[in-house]
Number of protein chains: 2
Amino acid sequence: MHQECPIEKTLQVIGKKWMVLIIRELFRGCKRFAEIGRNLPITDKVLSERLKELEEHGIVQRTVYPDASPPRVEYTLTEKGKSLHIVLESMIEWGSKYA
Amino acid sequence: MHQECPIEKTLQVIGKKWMVLIIRELFRGCKRFAEIGRNLPITDKVLSERLKELEEHGIVQRTVYPDASPPRVEYTLTEKGKSLHIVLESMIEWGSKYA
């Protein structure tokens, strides 16, 4: 792999199966775990792994509200995560016109 | 899956592992099978499957020159394939700035 290729750098963050669709869900707003999974045919295990990876890449922020009952965990896109709108928009444009 | 979501439509064409990087290779020009594989750490079997799928989606055109010795097979992007530049460019932009 050529680490310097920016396409490969992008794919290292969002290239895995379901990553783009998880990010799409979070562009629709701050969500709890179950809300993200509701629109995606993936297991909780995979969703949990992907969210952890997105958190490590600084794309997603996980916030725990321990005082809520039951404790609430919410996921939002960071500014870096929101900057991915250019990639998702290009997919919307291409998918609308050509796919 | 929501078949109507254009992001999902795009991912159905280019979402599988290696698809984007195979398309990147073909943006660099018409290539033979071995030339595409040279820059990618994938097996011939996977490359062959992916190219067949891209051909079925109308992204790649496969041309056989039977009179060449040995017979030559070349792969090029179709016009539909070239229209994917918007997606690859968004990944270049994001990967350069943020990844």
# chains A, B, ... in the order shown; residues from 1 in each chain; ligands from 1

call {"tool": "interface_residues", "arguments": {"of": "chain B", "to": "chain A", "cutoff": "9 Å", "atoms": "only C-alpha atoms", "output": "MDAnalysis selection string"}}
result
chainID B and resid 1:2 5:13 15:17 20:21 24 39:41 57 80 83:84 86:99

call {"tool": "select_by_dssp", "arguments": {"residues": "region 38-75 of chain A", "states": "alpha helix (DSSP H)", "output": "PyMOL selection string"}}
result
chain A and resi 38+44-56

call {"tool": "select_by_dssp", "arguments": {"residues": "chain A", "states": "strand (DSSP E or B)", "output": "VMD selection string"}}
result
chain A and resid 31 to 32 60 to 65 72 to 77

call {"tool": "write_last_selection", "arguments": {"atoms": "all heavy atoms", "output": "compact mmCIF listing (two decimals), in the first residue's frame"}}
result
# COMPACT_ATOMS: atom_id res chain seq x y z
N LYS A 31 -27.25 10.43 17.84
CA LYS A 31 -28.08 9.23 18.02
C LYS A 31 -27.54 8.31 19.11
O LYS A 31 -26.34 8.26 19.36
CB LYS A 31 -28.13 8.44 16.72
CG LYS A 31 -28.90 9.14 15.62
CD LYS A 31 -29.29 8.15 14.54
CE LYS A 31 -30.20 8.83 13.52
NZ LYS A 31 -30.63 7.88 12.49
N ARG A 32 -28.44 7.54 19.68
CA ARG A 32 -28.03 6.46 20.57
C ARG A 32 -27.68 5.23 19.73
O ARG A 32 -28.08 5.11 18.57
CB ARG A 32 -29.19 6.10 21.51
CG ARG A 32 -29.61 7.27 22.36
CD ARG A 32 -30.46 6.78 23.50
NE ARG A 32 -31.30 7.87 23.98
CZ ARG A 32 -32.11 7.75 25.01
NH1 ARG A 32 -32.20 6.60 25.67
NH2 ARG A 32 -32.85 8.77 25.40
N VAL A 60 -16.13 10.26 15.30
CA VAL A 60 -17.32 10.17 16.14
C VAL A 60 -16.96 10.49 17.58
O VAL A 60 -15.90 10.08 18.06
CB VAL A 60 -17.92 8.75 16.04
CG1 VAL A 60 -18.87 8.45 17.19
CG2 VAL A 60 -18.64 8.57 14.71
N GLN A 61 -17.83 11.23 18.24
CA GLN A 61 -17.66 11.43 19.67
C GLN A 61 -18.75 10.69 20.43
O GLN A 61 -19.93 10.76 20.09
CB GLN A 61 -17.72 12.93 20.02
CG GLN A 61 -17.53 13.13 21.52
CD GLN A 61 -17.36 14.59 21.90
OE1 GLN A 61 -17.21 15.45 21.04
NE2 GLN A 61 -17.40 14.87 23.18
N ARG A 62 -18.31 9.96 21.46
CA ARG A 62 -19.22 9.17 22.28
C ARG A 62 -19.38 9.89 23.61
O ARG A 62 -18.39 10.18 24.29
CB ARG A 62 -18.58 7.79 22.50
CG ARG A 62 -19.38 6.82 23.31
CD ARG A 62 -18.63 5.48 23.32
NE ARG A 62 -19.33 4.45 24.06
CZ ARG A 62 -19.25 4.27 25.37
NH1 ARG A 62 -18.48 5.04 26.09
NH2 ARG A 62 -19.94 3.30 25.96
N THR A 63 -20.60 10.20 23.95
CA THR A 63 -20.85 10.91 25.21
C THR A 63 -21.74 10.07 26.11
O THR A 63 -22.79 9.60 25.68
CB THR A 63 -21.55 12.27 24.94
OG1 THR A 63 -20.80 12.97 23.94
CG2 THR A 63 -21.60 13.11 26.20
N VAL A 64 -21.28 9.89 27.35
CA VAL A 64 -22.07 9.12 28.32
C VAL A 64 -22.73 10.09 29.29
O VAL A 64 -22.06 10.99 29.81
CB VAL A 64 -21.16 8.14 29.10
CG1 VAL A 64 -22.00 7.26 30.03
CG2 VAL A 64 -20.34 7.28 28.16
N TYR A 65 -24.02 9.91 29.50
CA TYR A 65 -24.74 10.69 30.51
C TYR A 65 -25.06 9.76 31.67
O TYR A 65 -26.10 9.09 31.67
CB TYR A 65 -26.02 11.26 29.91
CG TYR A 65 -25.78 12.22 28.76
CD1 TYR A 65 -25.72 11.76 27.46
CD2 TYR A 65 -25.58 13.58 28.99
CE1 TYR A 65 -25.48 12.64 26.41
CE2 TYR A 65 -25.33 14.45 27.95
CZ TYR A 65 -25.28 13.97 26.65
OH TYR A 65 -25.04 14.83 25.62
N ARG A 72 -27.34 7.07 29.63
CA ARG A 72 -27.54 7.26 28.20
C ARG A 72 -26.19 7.42 27.52
O ARG A 72 -25.31 8.11 28.03
CB ARG A 72 -28.38 8.52 28.00
CG ARG A 72 -29.19 8.51 26.73
CD ARG A 72 -30.26 9.59 26.78
NE ARG A 72 -29.70 10.89 26.48
CZ ARG A 72 -29.97 12.01 27.16
NH1 ARG A 72 -30.77 11.96 28.21
NH2 ARG A 72 -29.43 13.15 26.81
N VAL A 73 -26.03 6.81 26.36
CA VAL A 73 -24.81 6.98 25.57
C VAL A 73 -25.21 7.51 24.20
O VAL A 73 -26.07 6.94 23.53
CB VAL A 73 -24.06 5.64 25.40
CG1 VAL A 73 -22.75 5.87 24.64
CG2 VAL A 73 -23.77 5.01 26.75
N GLU A 74 -24.60 8.64 23.82
CA GLU A 74 -24.96 9.23 22.54
C GLU A 74 -23.74 9.37 21.65
O GLU A 74 -22.63 9.61 22.13
CB GLU A 74 -25.61 10.59 22.74
CG GLU A 74 -27.02 10.48 23.29
CD GLU A 74 -27.72 11.82 23.40
OE1 GLU A 74 -27.06 12.86 23.20
OE2 GLU A 74 -28.93 11.82 23.67
N TYR A 75 -23.97 9.24 20.37
CA TYR A 75 -22.90 9.36 19.38
C TYR A 75 -23.18 10.55 18.47
O TYR A 75 -24.30 10.70 17.97
CB TYR A 75 -22.82 8.09 18.54
CG TYR A 75 -22.47 6.87 19.35
CD1 TYR A 75 -23.46 6.14 20.01
CD2 TYR A 75 -21.15 6.46 19.48
CE1 TYR A 75 -23.13 5.04 20.78
CE2 TYR A 75 -20.82 5.35 20.25
CZ TYR A 75 -21.81 4.65 20.89
OH TYR A 75 -21.50 3.56 21.65
N THR A 76 -22.16 11.39 18.29
CA THR A 76 -22.29 12.51 17.35
C THR A 76 -21.06 12.57 16.47
O THR A 76 -19.99 12.06 16.82
CB THR A 76 -22.36 13.87 18.08
OG1 THR A 76 -21.32 13.91 19.07
CG2 THR A 76 -23.68 14.11 18.74
N LEU A 77 -21.19 13.21 15.31
CA LEU A 77 -20.03 13.45 14.46
C LEU A 77 -19.22 14.61 15.03
O LEU A 77 -19.79 15.61 15.46
CB LEU A 77 -20.48 13.80 13.03
CG LEU A 77 -21.11 12.69 12.21
CD1 LEU A 77 -21.57 13.24 10.87
CD2 LEU A 77 -20.14 11.53 12.01

call {"tool": "residues_around", "arguments": {"residues": "Glu49 (chain A)", "least_positions_apart": "5", "cutoff": "12 Å", "atoms": "only C-alpha atoms", "output": "VMD selection string"}}
result
chain A and resid 16 to 19 22 33 42 to 44 54 to 56
